[in-house]
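Q: Just so it is clear, I am handing over run.tsv, which has TSV, C-alpha atoms.
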```
chain	number	residue	atom	x	y	z
A	1	MET	CA	-22.24	-140.37	-25.96
A	2	ASN	CA	-23.54	-142.28	-28.85
A	3	LEU	CA	-26.10	-140.92	-31.30
A	4	PRO	CA	-29.17	-142.84	-30.04
A	5	ALA	CA	-28.49	-141.68	-26.47
A	6	ARG	CA	-28.10	-138.06	-27.62
A	7	LEU	CA	-31.20	-138.27	-29.74
A	8	SER	CA	-33.29	-139.65	-26.88
A	9	LEU	CA	-31.88	-136.96	-24.54
A	10	VAL	CA	-32.76	-134.21	-27.02
A	11	LEU	CA	-36.23	-135.67	-27.60
A	12	ALA	CA	-36.85	-135.95	-23.84
A	13	GLY	CA	-35.71	-132.36	-23.31
A	14	THR	CA	-37.86	-131.12	-26.19
A	15	ALA	CA	-40.89	-133.02	-24.89
A	16	THR	CA	-40.38	-131.59	-21.41
A	17	LEU	CA	-40.00	-128.08	-22.80
A	18	LEU	CA	-43.15	-128.42	-24.93
A	19	ALA	CA	-45.12	-129.87	-22.03
A	20	ALA	CA	-44.03	-127.06	-19.70
A	21	THR	CA	-44.75	-124.42	-22.35
A	22	GLY	CA	-48.13	-125.96	-23.10
A	23	CYS	CA	-49.13	-125.91	-19.45
A	24	ALA	CA	-48.03	-122.33	-19.03
A	25	SER	CA	-49.82	-121.09	-22.12
A	26	HIS	CA	-53.31	-121.59	-20.69
A	27	ALA	CA	-55.02	-118.27	-20.26
A	28	TYR	CA	-56.00	-117.22	-16.75
A	29	TYR	CA	-59.67	-116.57	-16.35
A	30	ALA	CA	-60.65	-114.48	-13.35
A	31	PRO	CA	-63.66	-115.63	-11.36
A	32	PRO	CA	-66.92	-113.98	-12.32
A	33	PRO	CA	-67.89	-110.86	-10.40
A	34	PRO	CA	-70.38	-111.22	-7.57
A	35	PRO	CA	-74.02	-110.80	-8.53
A	36	ALA	CA	-75.32	-107.27	-8.50
A	37	TYR	CA	-77.13	-106.10	-5.37
A	38	ALA	CA	-80.78	-106.73	-5.93
A	39	GLN	CA	-82.81	-103.68	-5.07
A	40	ARG	CA	-86.19	-104.15	-3.54
A	41	PRO	CA	-89.17	-103.09	-5.64
A	42	PRO	CA	-90.52	-99.56	-5.00
A	43	LEU	CA	-93.75	-101.06	-3.69
A	44	ILE	CA	-91.88	-102.91	-0.92
A	45	GLU	CA	-89.71	-99.87	-0.13
A	46	LEU	CA	-92.84	-97.76	0.27
A	47	ALA	CA	-94.54	-100.37	2.45
A	48	ASP	CA	-91.44	-100.73	4.64
A	49	ARG	CA	-91.08	-96.99	5.14
A	50	ASN	CA	-94.80	-96.40	5.78
A	51	GLY	CA	-95.17	-99.41	8.06
A	52	PHE	CA	-92.16	-98.65	10.23
A	53	GLN	CA	-92.98	-94.95	10.64
A	54	THR	CA	-96.63	-95.61	11.41
A	55	GLY	CA	-95.84	-98.47	13.77
A	56	SER	CA	-93.19	-96.48	15.60
A	57	ALA	CA	-95.59	-93.58	16.17
A	58	ASP	CA	-98.43	-95.89	17.27
A	59	GLY	CA	-96.18	-97.86	19.62
A	60	ALA	CA	-94.78	-94.74	21.25
A	61	ARG	CA	-98.29	-93.30	21.65
A	62	ASP	CA	-99.63	-96.51	23.22
A	63	ALA	CA	-96.70	-96.71	25.65
A	64	TYR	CA	-97.05	-93.03	26.56
A	65	ASN	CA	-100.77	-93.44	27.23
A	66	GLY	CA	-100.18	-96.57	29.33
A	67	ARG	CA	-101.89	-98.93	26.91
A	68	PRO	CA	-100.78	-102.56	26.62
A	69	PHE	CA	-98.51	-103.77	23.85
A	70	SER	CA	-100.98	-104.81	21.13
A	71	PRO	CA	-99.86	-103.90	17.61
A	72	GLN	CA	-102.27	-106.29	15.86
A	73	HIS	CA	-105.25	-104.45	17.33
A	74	THR	CA	-104.53	-101.06	15.78
A	75	ARG	CA	-106.44	-99.57	12.86
A	76	ALA	CA	-103.26	-98.99	10.84
A	77	PHE	CA	-102.23	-102.65	11.12
A	78	HIS	CA	-105.55	-103.72	9.60
A	79	ASP	CA	-106.01	-100.91	7.07
A	80	THR	CA	-102.38	-100.79	5.83
A	81	PRO	CA	-102.50	-97.12	4.70
A	82	GLY	CA	-100.32	-95.58	2.01
A	83	TYR	CA	-100.83	-98.18	-0.73
A	84	ASP	CA	-100.24	-96.93	-4.29
A	85	PRO	CA	-101.89	-99.23	-6.88
A	86	ASN	CA	-99.56	-97.88	-9.58
A	87	LEU	CA	-96.63	-99.67	-7.91
A	88	GLY	CA	-98.05	-103.18	-7.85
A	89	PRO	CA	-100.51	-105.59	-6.21
A	90	PHE	CA	-101.90	-105.02	-2.73
A	91	GLU	CA	-100.98	-108.35	-1.07
A	92	PRO	CA	-97.17	-107.88	-1.18
A	93	TYR	CA	-97.66	-104.31	0.07
A	94	ARG	CA	-99.84	-105.44	2.96
A	95	HIS	CA	-97.39	-108.17	3.94
A	96	ALA	CA	-94.36	-105.83	3.87
A	97	PHE	CA	-96.29	-103.04	5.62
A	98	ARG	CA	-97.38	-105.30	8.46
A	99	ASP	CA	-93.89	-106.72	8.97
A	100	ALA	CA	-92.42	-103.22	9.11
A	101	TYR	CA	-95.29	-102.00	11.29
A	102	LEU	CA	-94.59	-104.68	13.89
A	103	ARG	CA	-90.89	-103.78	13.96
A	104	GLY	CA	-91.69	-100.08	14.23
A	105	TYR	CA	-94.35	-100.57	16.90
A	106	ASP	CA	-91.95	-102.61	18.98
A	107	ALA	CA	-89.20	-99.99	18.65
A	108	GLY	CA	-91.55	-97.09	19.46
A	109	PHE	CA	-93.18	-98.86	22.39
A	110	ARG	CA	-89.87	-99.86	23.97
A	111	ARG	CA	-88.24	-96.49	23.31
A	112	GLU	CA	-91.09	-94.66	25.07
A	113	GLN	CA	-90.89	-96.94	28.12
A	114	GLN	CA	-87.17	-96.40	28.70
A	115	PRO	CA	-86.14	-93.77	31.24
A	116	PRO	CA	-84.28	-90.77	29.86
A	117	PRO	CA	-80.49	-91.22	29.60
A	118	TYR	CA	-79.98	-88.32	32.03
A	119	PRO	CA	-81.91	-87.27	35.13
A	120	PRO	CA	-84.68	-84.77	34.41
A	121	ARG	CA	-84.17	-81.23	35.74
```
Turn the structure described in the file into structure tokens.

A:
Amino acid sequence: MNLPARLSLVLAGTATLLAATGCASHAYYAPPPPPAYAQRPPLIELADRNGFQTGSADGARDAYNGRPFSPQHTRAFHDTPGYDPNLGPFEPYRHAFRDAYLRGYDAGFRREQQPPPYPPR
């Protein structure tokens, strides 16, 4: 092989080696972690707990007493009890309470109407 051919072969090999090394030297960056679980504010937690418990009790009582399904006509639905002004404004509490109350009322009403899972003795 003559000198120019050898030189071009060495230069091509060196260029390939540098290109391959350059591509492999990039650092691997892992994807970012998922966002942290956003906790609900204490005001909403309180409203959800109070609303569901109150609604469940009211729904079960109405079903037991043979009353029609009417959660919007109860005193608790309108008064939204249990509000703590130290935790935040009233409107978000009322909204969360009423949503939870409706879910609880439905669960309590339907649970009370179901026959027992075993025959009574």

Q: Between A:Glu91, A:Leu43, A:Asn86, A:Phe109, which has the minimum distance to Pro71 (chain A) (counting only C-alpha atoms)?

A: A:Phe109

Q: Between CA of Ala107 (chain A) and CA of Ala47 (chain A), what is the spacing in Å?

A: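 Between these atoms lies a distance of 17.1 Å.
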
Q: Quick one: residues within 7 Å of region 81-84 of chain A, all atoms listed in the file, excluding same-chain residues fewer than 3 positions away - as a PyMOL selection string?

A: chain A and resi 50+76+87+93

Q: Report as a PDB file with C-alpha atoms, in the coordinates of the input all protein, DNA and RNA residues lying within 9 Å of Arg103 (chain A), evaluated on only C-alpha atoms, omitting residues in the same chain fewer than 5 positions from it.

A:
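Below is the file that was written, out.pdb:
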```
ATOM      1  CA  GLY A  51     -95.170 -99.410   8.060  1.00  0.00           C
ATOM      2  CA  PHE A  52     -92.160 -98.650  10.230  1.00  0.00           C
ATOM      3  CA  GLY A  55     -95.840 -98.470  13.770  1.00  0.00           C
ATOM      4  CA  SER A  56     -93.190 -96.480  15.600  1.00  0.00           C
ATOM      5  CA  ARG A  98     -97.380-105.300   8.460  1.00  0.00           C
ATOM      6  CA  GLY A 108     -91.550 -97.090  19.460  1.00  0.00           C
TER       7      GLY A 108
END
```

Q: What is the distance between CA of Arg94 (chain A) and CA of Arg49 (chain A), in Å to one decimal?

A: 12.4 Å

Q: Point out the residue among A:Ala27, A:Ala38, A:Ala60, A:Ile44 with the least atom-to-atom distance to Phe90 (chain A), counting all atoms listed in the file.

A: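 Smallest distance to Phe90 (chain A) is found for A:Ile44.
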
Q: With distances taken over all atoms listed in the file, which residue among A:Pro89, A:Gly104, A:Pro41, A:Pro32 lies nearest Ala57 (chain A)?

A: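 Among A:Pro89, A:Gly104, A:Pro41, A:Pro32, it is A:Gly104 that comes nearest to Ala57 (chain A).
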
Q: Just how far from CA of Pro42 (chain A) is CA of Thr80 (chain A), in Å to one decimal?

A: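 CA of Thr80 (chain A) sits 16.1 Å away from CA of Pro42 (chain A).
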